[in-house]
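Dumped structure_0.pdb below, it's PDB, C-alpha atoms (C1' of nucleotides):
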ATOM      1  CA  MET N   1      19.183  -3.931  -3.250
ATOM      2  CA  THR N   2      19.635  -1.450  -0.420
ATOM      3  CA  LYS N   3      21.381  -2.709   2.668
ATOM      4  CA  SER N   4      19.333  -3.397   5.774
ATOM      5  CA  LYS N   5      19.408  -0.852   8.570
ATOM      6  CA  PRO N   6      20.792  -1.825  11.943
ATOM      7  CA  ALA N   7      18.001  -0.007  13.794
ATOM      8  CA  PRO N   8      14.844  -0.349  11.739
ATOM      9  CA  ASP N   9      12.617   2.689  11.841
ATOM     10  CA  ARG N  10      10.126   1.690   9.223
ATOM     11  CA  GLN N  11       6.602   0.537   9.843
ATOM     12  CA  LEU N  12       5.588  -3.043   9.544
ATOM     13  CA  THR N  13       2.763  -3.907   7.207
ATOM     14  CA  GLU N  14      -0.162  -5.986   8.361
ATOM     15  CA  LEU N  15       1.201  -9.365   7.371
ATOM     16  CA  GLU N  16       4.735  -8.548   8.402
ATOM     17  CA  LEU N  17       3.522  -7.701  11.876
ATOM     18  CA  GLU N  18       1.561 -10.919  12.160
ATOM     19  CA  LEU N  19       4.621 -12.933  11.294
ATOM     20  CA  MET N  20       6.722 -10.933  13.706
ATOM     21  CA  HIS N  21       4.305 -11.882  16.462
ATOM     22  CA  GLU N  22       4.946 -15.530  15.659
ATOM     23  CA  VAL N  23       8.671 -14.976  15.811
ATOM     24  CA  TRP N  24       8.422 -13.013  19.030
ATOM     25  CA  ASN N  25       6.348 -15.790  20.575
ATOM     26  CA  ARG N  26       9.124 -18.275  19.878
ATOM     27  CA  GLY N  27      12.177 -16.098  20.204
ATOM     28  CA  THR N  28      13.769 -17.732  17.221
ATOM     29  CA  CYS N  29      12.421 -19.780  14.374
ATOM     30  CA  THR N  30      12.456 -20.994  10.815
ATOM     31  CA  VAL N  31      10.164 -20.294   7.908
ATOM     32  CA  ARG N  32       8.598 -23.708   8.330
ATOM     33  CA  GLU N  33       7.733 -23.108  11.951
ATOM     34  CA  VAL N  34       6.094 -19.794  11.205
ATOM     35  CA  HIS N  35       4.264 -21.268   8.255
ATOM     36  CA  ASP N  36       2.882 -24.132  10.324
ATOM     37  CA  ALA N  37       1.949 -21.938  13.269
ATOM     38  CA  TYR N  38       0.293 -19.139  11.355
ATOM     39  CA  PRO N  39      -3.489 -19.685  11.376
ATOM     40  CA  LYS N  40      -4.307 -18.176   8.002
ATOM     41  CA  LYS N  41      -3.025 -20.747   5.557
ATOM     42  CA  LEU N  42      -0.661 -19.240   3.051
ATOM     43  CA  ALA N  43       1.825 -20.782   0.667
ATOM     44  CA  TYR N  44       5.171 -21.652   2.165
ATOM     45  CA  THR N  45       6.896 -19.344  -0.291
ATOM     46  CA  THR N  46       4.670 -16.472   0.741
ATOM     47  CA  ILE N  47       5.927 -16.754   4.292
ATOM     48  CA  ALA N  48       9.485 -17.127   3.046
ATOM     49  CA  THR N  49       9.195 -14.045   0.880
ATOM     50  CA  VAL N  50       7.803 -11.894   3.668
ATOM     51  CA  MET N  51      10.407 -13.081   6.148
ATOM     52  CA  LYS N  52      13.109 -12.203   3.685
ATOM     53  CA  VAL N  53      11.618  -8.753   3.374
ATOM     54  CA  LEU N  54      11.648  -8.483   7.154
ATOM     55  CA  GLU N  55      15.308  -9.356   7.083
ATOM     56  CA  GLN N  56      15.989  -6.732   4.436
ATOM     57  CA  LYS N  57      14.091  -4.159   6.440
ATOM     58  CA  GLY N  58      16.236  -5.042   9.421
ATOM     59  CA  PHE N  59      13.599  -6.555  11.693
ATOM     60  CA  LEU N  60      14.968 -10.080  11.503
ATOM     61  CA  SER N  61      18.471 -11.444  11.306
ATOM     62  CA  ALA N  62      19.165 -14.802   9.721
ATOM     63  CA  THR N  63      21.800 -17.397  10.449
ATOM     64  CA  LYS N  64      22.353 -20.430   8.276
ATOM     65  CA  ARG N  65      22.125 -23.447  10.481
ATOM     66  CA  ASP N  66      21.310 -26.991   9.436
ATOM     67  CA  LYS N  67      19.318 -26.960   6.256
ATOM     68  CA  ALA N  68      17.150 -23.954   6.923
ATOM     69  CA  HIS N  69      17.776 -20.381   7.978
ATOM     70  CA  THR N  70      17.066 -19.522  11.544
ATOM     71  CA  TYR N  71      15.539 -16.128  12.026
ATOM     72  CA  GLU N  72      15.750 -13.998  15.104
ATOM     73  CA  PRO N  73      14.158 -10.641  15.849
ATOM     74  CA  THR N  74      16.505  -7.672  16.050
ATOM     75  CA  LEU N  75      14.251  -5.845  18.445
ATOM     76  CA  THR N  76      11.763  -6.867  21.071
ATOM     77  CA  ARG N  77       8.035  -6.683  20.714
ATOM     78  CA  GLU N  78       8.031  -3.960  23.354
ATOM     79  CA  ALA N  79      10.606  -1.893  21.524
ATOM     80  CA  TYR N  80       8.595  -2.080  18.361
ATOM     81  CA  SER N  81       5.294  -1.246  19.941
ATOM     82  CA  ARG N  82       6.893   1.691  21.687
ATOM     83  CA  GLY N  83       7.698   3.227  18.345
ATOM     84  CA  ALA N  84       4.441   2.198  16.757
ATOM     85  CA  LEU N  85       2.445   3.578  19.643
ATOM     86  CA  LYS N  86       4.205   6.894  19.345
ATOM     87  CA  HIS N  87       3.359   6.937  15.692
ATOM     88  CA  VAL N  88      -0.298   6.250  16.405
ATOM     89  CA  THR N  89      -0.394   8.983  19.024
ATOM     90  CA  GLU N  90       1.015  11.353  16.442
ATOM     91  CA  ARG N  91      -1.202  10.220  13.631
ATOM     92  CA  LEU N  92      -4.471   9.876  15.462
ATOM     93  CA  TYR N  93      -4.274  12.280  18.393
ATOM     94  CA  ARG N  94      -1.836  14.821  17.048
ATOM     95  CA  GLY N  95       0.635  13.844  19.723
ATOM     96  CA  HIS N  96      -1.638  14.185  22.724
ATOM     97  CA  ALA N  97      -1.412  11.008  24.749
ATOM     98  CA  ALA N  98      -3.869  11.971  27.486
ATOM     99  CA  PRO N  99      -7.058  11.797  25.405
ATOM    100  CA  MET N 100      -5.798   8.561  23.949
ATOM    101  CA  VAL N 101      -5.436   7.028  27.388
ATOM    102  CA  ALA N 102      -8.856   8.355  28.350
ATOM    103  CA  GLN N 103     -10.452   6.806  25.308
ATOM    104  CA  LEU N 104      -8.729   3.518  25.981
ATOM    105  CA  LEU N 105     -10.033   3.487  29.515
ATOM    106  CA  ASP N 106     -13.512   4.280  28.275
ATOM    107  CA  GLU N 107     -13.682   1.803  25.446
ATOM    108  CA  SER N 108     -11.835  -1.217  26.679
ATOM    109  CA  GLU N 109     -13.311  -3.544  29.216
ATOM    110  CA  LEU N 110     -10.560  -3.609  31.779
ATOM    111  CA  THR N 111     -10.862  -5.889  34.741
ATOM    112  CA  ARG N 112     -10.912  -4.530  38.255
ATOM    113  CA  ALA N 113      -7.444  -5.931  38.827
ATOM    114  CA  GLU N 114      -6.083  -4.177  35.774
ATOM    115  CA  LEU N 115      -7.680  -0.925  36.813
ATOM    116  CA  MET N 116      -6.115  -1.141  40.223
ATOM    117  CA  GLN N 117      -2.741  -1.911  38.737
ATOM    118  CA  LEU N 118      -3.005   1.141  36.543
ATOM    119  CA  ARG N 119      -3.970   3.198  39.550
ATOM    120  CA  GLU N 120      -0.739   2.124  41.207
ATOM    121  CA  LEU N 121       1.237   3.016  38.139
ATOM    122  CA  LEU N 122      -0.395   6.414  38.029
ATOM    123  CA  LYS N 123       0.318   6.968  41.668
ATOM    124  CA  SER N 124       4.015   6.303  41.170
ATOM    125  CA  LYS N 125       4.084   8.603  38.165
ATOM    126  CA  LEU N 126       2.514  11.351  40.205
ATOM    127  CA  ALA N 127       4.930  10.783  43.054
ATOM    128  CA  ALA N 128       7.884  11.057  40.690
ATOM    129  CA  ARG N 129       7.105  14.621  39.747
TER     130      ARG N 129
ATOM    131  CA  MET Z   1     -17.862   1.878  -9.095
ATOM    132  CA  THR Z   2     -19.127   0.402  -5.850
ATOM    133  CA  LYS Z   3     -21.486   2.548  -3.872
ATOM    134  CA  SER Z   4     -20.190   4.265  -0.753
ATOM    135  CA  LYS Z   5     -21.061   2.693   2.557
ATOM    136  CA  PRO Z   6     -23.173   4.581   5.052
ATOM    137  CA  ALA Z   7     -21.013   3.479   7.964
ATOM    138  CA  PRO Z   8     -17.415   3.309   6.771
ATOM    139  CA  ASP Z   9     -15.450   0.507   8.326
ATOM    140  CA  ARG Z  10     -12.319   0.733   6.271
ATOM    141  CA  GLN Z  11      -9.037   2.149   7.403
ATOM    142  CA  LEU Z  12      -7.812   5.511   6.306
ATOM    143  CA  THR Z  13      -4.453   5.705   4.637
ATOM    144  CA  GLU Z  14      -1.818   8.125   5.815
ATOM    145  CA  LEU Z  15      -2.709  10.987   3.520
ATOM    146  CA  GLU Z  16      -6.422  10.406   3.785
ATOM    147  CA  LEU Z  17      -6.204  10.718   7.545
ATOM    148  CA  GLU Z  18      -4.213  13.930   7.330
ATOM    149  CA  LEU Z  19      -6.846  15.467   5.109
ATOM    150  CA  MET Z  20      -9.599  14.240   7.399
ATOM    151  CA  HIS Z  21      -7.933  16.093  10.255
ATOM    152  CA  GLU Z  22      -8.167  19.284   8.244
ATOM    153  CA  VAL Z  23     -11.844  18.668   7.583
ATOM    154  CA  TRP Z  24     -12.518  17.804  11.206
ATOM    155  CA  ASN Z  25     -10.771  20.986  12.304
ATOM    156  CA  ARG Z  26     -13.153  23.051  10.189
ATOM    157  CA  GLY Z  27     -16.292  20.957  10.346
ATOM    158  CA  THR Z  28     -16.993  21.542   6.713
ATOM    159  CA  CYS Z  29     -14.848  22.653   3.819
ATOM    160  CA  THR Z  30     -13.892  22.699   0.183
ATOM    161  CA  VAL Z  31     -10.967  21.212  -1.665
ATOM    162  CA  ARG Z  32      -9.398  24.647  -1.910
ATOM    163  CA  GLU Z  33      -9.529  25.211   1.824
ATOM    164  CA  VAL Z  34      -7.921  21.893   2.566
ATOM    165  CA  HIS Z  35      -5.322  22.470  -0.106
ATOM    166  CA  ASP Z  36      -4.369  25.861   1.278
ATOM    167  CA  ALA Z  37      -4.353  24.708   4.891
ATOM    168  CA  TYR Z  38      -2.393  21.513   4.422
ATOM    169  CA  PRO Z  39       1.259  22.181   5.256
ATOM    170  CA  LYS Z  40       2.866  19.738   2.848
ATOM    171  CA  LYS Z  41       2.397  21.388  -0.503
ATOM    172  CA  LEU Z  42       0.673  19.115  -2.960
ATOM    173  CA  ALA Z  43      -1.013  19.781  -6.273
ATOM    174  CA  TYR Z  44      -4.602  20.943  -6.057
ATOM    175  CA  THR Z  45      -5.741  17.935  -8.047
ATOM    176  CA  THR Z  46      -4.000  15.596  -5.640
ATOM    177  CA  ILE Z  47      -6.121  16.909  -2.811
ATOM    178  CA  ALA Z  48      -9.215  16.767  -4.991
ATOM    179  CA  THR Z  49      -8.521  13.159  -5.948
ATOM    180  CA  VAL Z  50      -8.007  12.019  -2.397
ATOM    181  CA  MET Z  51     -11.102  13.823  -1.165
ATOM    182  CA  LYS Z  52     -13.110  12.139  -3.842
ATOM    183  CA  VAL Z  53     -11.759   8.808  -2.676
ATOM    184  CA  LEU Z  54     -12.770   9.720   0.858
ATOM    185  CA  GLU Z  55     -16.258  10.403  -0.420
ATOM    186  CA  GLN Z  56     -16.361   7.068  -2.219
ATOM    187  CA  LYS Z  57     -15.169   5.304   0.903
ATOM    188  CA  GLY Z  58     -17.971   6.981   2.806
ATOM    189  CA  PHE Z  59     -15.932   9.215   5.108
ATOM    190  CA  LEU Z  60     -17.020  12.464   3.500
ATOM    191  CA  SER Z  61     -20.278  13.569   1.993
ATOM    192  CA  ALA Z  62     -20.367  16.252  -0.679
ATOM    193  CA  THR Z  63     -22.979  18.838  -1.499
ATOM    194  CA  LYS Z  64     -22.775  21.035  -4.556
ATOM    195  CA  ARG Z  65     -22.994  24.586  -3.359
ATOM    196  CA  ASP Z  66     -21.705  27.681  -5.134
ATOM    197  CA  LYS Z  67     -18.997  26.744  -7.557
ATOM    198  CA  ALA Z  68     -17.252  24.140  -5.506
ATOM    199  CA  HIS Z  69     -18.309  21.049  -3.616
ATOM    200  CA  THR Z  70     -18.599  21.362   0.094
ATOM    201  CA  TYR Z  71     -17.405  18.339   1.986
ATOM    202  CA  GLU Z  72     -18.515  17.265   5.381
ATOM    203  CA  PRO Z  73     -17.345  14.356   7.533
ATOM    204  CA  THR Z  74     -19.799  11.514   8.022
ATOM    205  CA  LEU Z  75     -18.324  10.602  11.368
ATOM    206  CA  THR Z  76     -16.539  12.480  14.093
ATOM    207  CA  ARG Z  77     -12.876  12.324  14.794
ATOM    208  CA  GLU Z  78     -13.665  10.559  18.060
ATOM    209  CA  ALA Z  79     -15.783   7.945  16.358
ATOM    210  CA  TYR Z  80     -13.020   7.222  13.911
ATOM    211  CA  SER Z  81     -10.268   7.041  16.474
ATOM    212  CA  ARG Z  82     -12.393   4.731  18.575
ATOM    213  CA  GLY Z  83     -12.377   2.201  15.783
ATOM    214  CA  ALA Z  84      -8.776   2.822  14.857
ATOM    215  CA  LEU Z  85      -7.650   2.503  18.454
ATOM    216  CA  LYS Z  86      -9.427  -0.808  18.771
ATOM    217  CA  HIS Z  87      -7.656  -1.965  15.657
ATOM    218  CA  VAL Z  88      -4.276  -0.935  17.039
ATOM    219  CA  THR Z  89      -4.980  -2.680  20.321
ATOM    220  CA  GLU Z  90      -5.777  -5.815  18.358
ATOM    221  CA  ARG Z  91      -2.871  -5.549  15.995
ATOM    222  CA  LEU Z  92      -0.167  -4.496  18.395
ATOM    223  CA  TYR Z  93      -1.210  -5.847  21.774
ATOM    224  CA  ARG Z  94      -3.329  -8.802  20.714
ATOM    225  CA  GLY Z  95      -6.355  -7.115  22.221
ATOM    226  CA  HIS Z  96      -4.943  -6.392  25.668
ATOM    227  CA  ALA Z  97      -5.535  -2.752  26.456
ATOM    228  CA  ALA Z  98      -3.913  -2.692  29.874
ATOM    229  CA  PRO Z  99      -0.281  -3.046  28.749
ATOM    230  CA  MET Z 100      -1.000  -0.500  26.071
ATOM    231  CA  VAL Z 101      -2.159   2.031  28.641
ATOM    232  CA  ALA Z 102       0.834   1.229  30.803
ATOM    233  CA  GLN Z 103       3.237   1.791  27.957
ATOM    234  CA  LEU Z 104       1.535   5.045  27.090
ATOM    235  CA  LEU Z 105       1.876   6.251  30.643
ATOM    236  CA  ASP Z 106       5.523   5.247  30.649
ATOM    237  CA  GLU Z 107       6.534   6.704  27.336
ATOM    238  CA  SER Z 108       4.564   9.900  27.029
ATOM    239  CA  GLU Z 109       5.450  12.954  28.985
ATOM    240  CA  LEU Z 110       2.143  13.724  30.614
ATOM    241  CA  THR Z 111       1.790  16.841  32.690
ATOM    242  CA  ARG Z 112       0.895  16.653  36.320
ATOM    243  CA  ALA Z 113      -2.554  18.027  35.529
ATOM    244  CA  GLU Z 114      -3.159  15.345  32.940
ATOM    245  CA  LEU Z 115      -2.026  12.649  35.322
ATOM    246  CA  MET Z 116      -4.403  13.875  37.984
ATOM    247  CA  GLN Z 117      -7.251  13.988  35.528
ATOM    248  CA  LEU Z 118      -6.570  10.407  34.540
ATOM    249  CA  ARG Z 119      -6.501   9.451  38.182
ATOM    250  CA  GLU Z 120      -9.993  10.847  38.556
ATOM    251  CA  LEU Z 121     -11.166   8.949  35.519
ATOM    252  CA  LEU Z 122      -9.693   5.766  36.911
ATOM    253  CA  LYS Z 123     -11.333   6.361  40.224
ATOM    254  CA  SER Z 124     -14.750   6.672  38.620
ATOM    255  CA  LYS Z 125     -14.144   3.534  36.578
ATOM    256  CA  LEU Z 126     -13.265   1.644  39.715
ATOM    257  CA  ALA Z 127     -16.295   2.982  41.539
ATOM    258  CA  ALA Z 128     -18.525   1.856  38.691
ATOM    259  CA  ARG Z 129     -17.677  -1.774  39.192
TER     260      ARG Z 129
ATOM    261  C1'  DG T   1     -20.525  37.280 -25.713
ATOM    262  C1'  DA T   2     -15.590  36.224 -25.189
ATOM    263  C1'  DC T   3     -11.840  35.432 -21.969
ATOM    264  C1'  DA T   4      -9.824  34.247 -17.604
ATOM    265  C1'  DA T   5     -10.294  31.746 -13.472
ATOM    266  C1'  DC T   6     -11.778  28.012 -11.131
ATOM    267  C1'  DC T   7     -13.837  23.519 -10.582
ATOM    268  C1'  DT T   8     -14.585  18.348 -11.228
ATOM    269  C1'  DA T   9     -13.939  13.980 -13.684
ATOM    270  C1'  DC T  10     -10.930  10.848 -15.592
ATOM    271  C1'  DG T  11      -6.604   8.829 -16.941
ATOM    272  C1'  DA T  12      -1.660   7.947 -15.950
ATOM    273  C1'  DT T  13       2.391   6.451 -13.491
ATOM    274  C1'  DA T  14       5.545   4.715 -10.037
ATOM    275  C1'  DG T  15       5.938   2.279  -5.882
ATOM    276  C1'  DC T  16       4.703  -0.923  -2.466
ATOM    277  C1'  DC T  17       2.000  -5.010  -0.537
ATOM    278  C1'  DA T  18       0.049  -9.720  -0.587
ATOM    279  C1'  DT T  19       0.436 -13.722  -2.654
ATOM    280  C1'  DA T  20       2.438 -17.423  -5.076
ATOM    281  C1'  DG T  21       5.036 -20.161  -8.770
ATOM    282  C1'  DT T  22       9.361 -21.867 -10.664
ATOM    283  C1'  DA T  23      14.236 -23.009 -10.736
ATOM    284  C1'  DG T  24      18.104 -24.736  -8.839
ATOM    285  C1'  DG T  25      20.943 -26.295  -4.782
ATOM    286  C1'  DA T  26      21.739 -29.371  -0.559
ATOM    287  C1'  DA T  27      20.903 -33.700   1.870
ATOM    288  C1'  DG T  28      19.423 -38.180   3.039
ATOM    289  C1'  DG T  29      17.882 -43.051   1.726
ATOM    290  C1'  DC T  30      18.560 -47.158  -0.942
TER     291       DC T  30
ATOM    292  C1'  DG X   1      25.322 -42.485  -7.498
ATOM    293  C1'  DC X   2      20.406 -41.256  -8.215
ATOM    294  C1'  DC X   3      15.750 -39.804  -6.661
ATOM    295  C1'  DT X   4      12.903 -37.436  -3.442
ATOM    296  C1'  DT X   5      12.426 -33.808  -0.316
ATOM    297  C1'  DC X   6      13.180 -29.520   1.508
ATOM    298  C1'  DC X   7      15.137 -25.036   1.229
ATOM    299  C1'  DT X   8      16.277 -20.293  -0.739
ATOM    300  C1'  DA X   9      16.389 -16.933  -4.521
ATOM    301  C1'  DC X  10      14.173 -14.793  -8.089
ATOM    302  C1'  DT X  11      10.270 -13.449 -10.804
ATOM    303  C1'  DA X  12       5.377 -12.313 -11.479
ATOM    304  C1'  DT X  13       0.828 -10.350 -10.895
ATOM    305  C1'  DG X  14      -3.113  -7.806  -9.155
ATOM    306  C1'  DG X  15      -4.417  -4.276  -6.200
ATOM    307  C1'  DC X  16      -3.991  -0.098  -3.737
ATOM    308  C1'  DT X  17      -1.592   4.526  -2.630
ATOM    309  C1'  DA X  18       0.419   8.947  -3.676
ATOM    310  C1'  DT X  19       0.837  12.037  -6.913
ATOM    311  C1'  DC X  20      -0.259  14.725 -10.818
ATOM    312  C1'  DG X  21      -1.810  16.311 -15.714
ATOM    313  C1'  DT X  22      -5.305  17.174 -19.064
ATOM    314  C1'  DA X  23      -9.867  18.001 -20.721
ATOM    315  C1'  DG X  24     -14.087  19.984 -20.469
ATOM    316  C1'  DG X  25     -17.753  22.574 -17.836
ATOM    317  C1'  DT X  26     -19.321  26.879 -15.152
ATOM    318  C1'  DT X  27     -19.122  31.644 -13.736
ATOM    319  C1'  DG X  28     -17.923  36.359 -13.335
ATOM    320  C1'  DT X  29     -16.101  40.474 -15.648
ATOM    321  C1'  DC X  30     -15.552  43.850 -19.211
TER     322       DC X  30
END

Now, as a test, write the supplied structure out as structure tokens.
Amino acid sequence: MTKSKPAPDRQLTELELELMHEVWNRGTCTVREVHDAYPKKLAYTTIATVMKVLEQKGFLSATKRDKAHTYEPTLTREAYSRGALKHVTERLYRGHAAPMVAQLLDESELTRAELMQLRELLKSKLAAR
Amino acid sequence: MTKSKPAPDRQLTELELELMHEVWNRGTCTVREVHDAYPKKLAYTTIATVMKVLEQKGFLSATKRDKAHTYEPTLTREAYSRGALKHVTERLYRGHAAPMVAQLLDESELTRAELMQLRELLKSKLAAR
DNA sequence: GACAACCTACGATAGCCATAGTAGGAAGGC
DNA sequence: GCCTTCCTACTATGGCTATCGTAGGTTGTC
């Protein structure tokens, strides 16, 4: 068994990511909590297995407390999506973020408030250069 | 063997997507062309196998011309990335596009020209509602 | 018309992912 | 002290991905 990395760089698989969302929502939790909260009903041991994999991949750290392990994310949701987003930009748009943003603006139904917030963000970006 | 779908909804795997980029870049091409153009050197038959899979998944259509098959994409790069982007938004941001755009603006080094172009796009979006 | 070159179809393998079962340990109730 | 309950560790399986080799067909050249 290879040792887990301190700063995980690997990608999460579909199910792994779903479970990570549950953990991120709670900040810290046990296998049982994730199992009960996760909508798609899977065997308890399935959840346990995947969470152990997440630990081995370095995305979760476990501490033995009470009867059950308590798991905790080693990086925030934002930190992960930063990396994942970069990967998608690479993979899908050959590294060009601008067309990606444009497509997002075109395809997603953003509210007026969101649009205005983004306009502010853009303004500050433009001011900074 | 299940028949290929007219409108492919499945996801492309890593290598499949890379090969699709080569096809999209040329509009139409043969296994040999993709093999020669693809930077990571793989066996000819590897490329052939994957392109056949792409045909079975419905992303490429083949016509027998000359000696070799000529492959052609069944959907544009934009059409594919539209779907893929939606999937990422779902998967990573639970469907909320706004934070995704914000993170993109924060993380990617957009040029001043790109920023201004996005500002225009935003302006027109705001005007339209 | 035989040989070389090239092509496709099919089979093979190793690795990873999703999913789950079983075994064995800890802990609490009676 | 024993039985039930809950937990983790390990093992297993089917499916898909990446990668390639071989076999057999077609075509162009001398």

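Applied to this file, the PyMOL selection byres ((chain T and resi 25) around 10) selects DA23, DG24, DA26 and DA27 of chain T; DC7 and DT8 of chain X.
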
Could you please tell me, as a PDB file with C-alpha atoms, keeping the file's coordinate frame, which residues of chain Z have an atom within 9 Å of chain T when using only C-alpha atoms (C1' of nucleotides)?
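Output file out.pdb follows:
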ATOM      1  CA  ALA Z  48      -9.215  16.767  -4.991  1.00  0.00           C
ATOM      2  CA  LYS Z  67     -18.997  26.744  -7.557  1.00  0.00           C
ATOM      3  CA  ALA Z  68     -17.252  24.140  -5.506  1.00  0.00           C
ATOM      4  CA  HIS Z  69     -18.309  21.049  -3.616  1.00  0.00           C
TER       5      HIS Z  69
END

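The residues returned by the PyMOL selection byres ((chain N) within 12 of (chain X)) for this structure are Thr30, Val31, Arg32, Tyr44, Thr45, Ala48, Thr49, Met51, Lys52, Lys64, Arg65, Asp66, Lys67, Ala68, His69 and Thr70 of chain N.
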
Can I get the selected residues back with C-alpha atoms, as a PDB file, in the frame of the given file?
ATOM      1  CA  THR N  30      12.456 -20.994  10.815  1.00  0.00           C
ATOM      2  CA  VAL N  31      10.164 -20.294   7.908  1.00  0.00           C
ATOM      3  CA  ARG N  32       8.598 -23.708   8.330  1.00  0.00           C
ATOM      4  CA  TYR N  44       5.171 -21.652   2.165  1.00  0.00           C
ATOM      5  CA  THR N  45       6.896 -19.344  -0.291  1.00  0.00           C
ATOM      6  CA  ALA N  48       9.485 -17.127   3.046  1.00  0.00           C
ATOM      7  CA  THR N  49       9.195 -14.045   0.880  1.00  0.00           C
ATOM      8  CA  MET N  51      10.407 -13.081   6.148  1.00  0.00           C
ATOM      9  CA  LYS N  52      13.109 -12.203   3.685  1.00  0.00           C
ATOM     10  CA  LYS N  64      22.353 -20.430   8.276  1.00  0.00           C
ATOM     11  CA  ARG N  65      22.125 -23.447  10.481  1.00  0.00           C
ATOM     12  CA  ASP N  66      21.310 -26.991   9.436  1.00  0.00           C
ATOM     13  CA  LYS N  67      19.318 -26.960   6.256  1.00  0.00           C
ATOM     14  CA  ALA N  68      17.150 -23.954   6.923  1.00  0.00           C
ATOM     15  CA  HIS N  69      17.776 -20.381   7.978  1.00  0.00           C
ATOM     16  CA  THR N  70      17.066 -19.522  11.544  1.00  0.00           C
TER      17      THR N  70
END

12 Å contact set for Ala128 (chain N), only C-alpha atoms (C1' of nucleotides), chain neighbours under 4 positions out, as a PDB file with C-alpha atoms, in the coordinates of the input:
ATOM      1  CA  LEU N 121       1.237   3.016  38.139  1.00  0.00           C
ATOM      2  CA  LEU N 122      -0.395   6.414  38.029  1.00  0.00           C
ATOM      3  CA  LYS N 123       0.318   6.968  41.668  1.00  0.00           C
ATOM      4  CA  SER N 124       4.015   6.303  41.170  1.00  0.00           C
TER       5      SER N 124
ATOM      6  CA  ASP Z 106       5.523   5.247  30.649  1.00  0.00           C
ATOM      7  CA  LEU Z 110       2.143  13.724  30.614  1.00  0.00           C
ATOM      8  CA  THR Z 111       1.790  16.841  32.690  1.00  0.00           C
ATOM      9  CA  ARG Z 112       0.895  16.653  36.320  1.00  0.00           C
ATOM     10  CA  LEU Z 115      -2.026  12.649  35.322  1.00  0.00           C
TER      11      LEU Z 115
END

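The closest residue to chain Z, picked from N:Leu75, N:Gln11, N:Glu18, N:Val23 and counting all atoms listed in the file, is N:Glu18.
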
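Here, the PyMOL selection byres ((chain Z) within 8 of (chain N)) matches Leu17, Glu18, Ser81, Arg82, Leu85, Arg91, Leu92, Ala97, Ala98, Val101, Ala102, Gln103, Leu104, Leu105, Glu107, Ser108, Leu110, Arg112, Glu114, Leu115, Met116, Leu118, Arg119, Leu121, Leu122, Lys125, Leu126 and Arg129 of chain Z.
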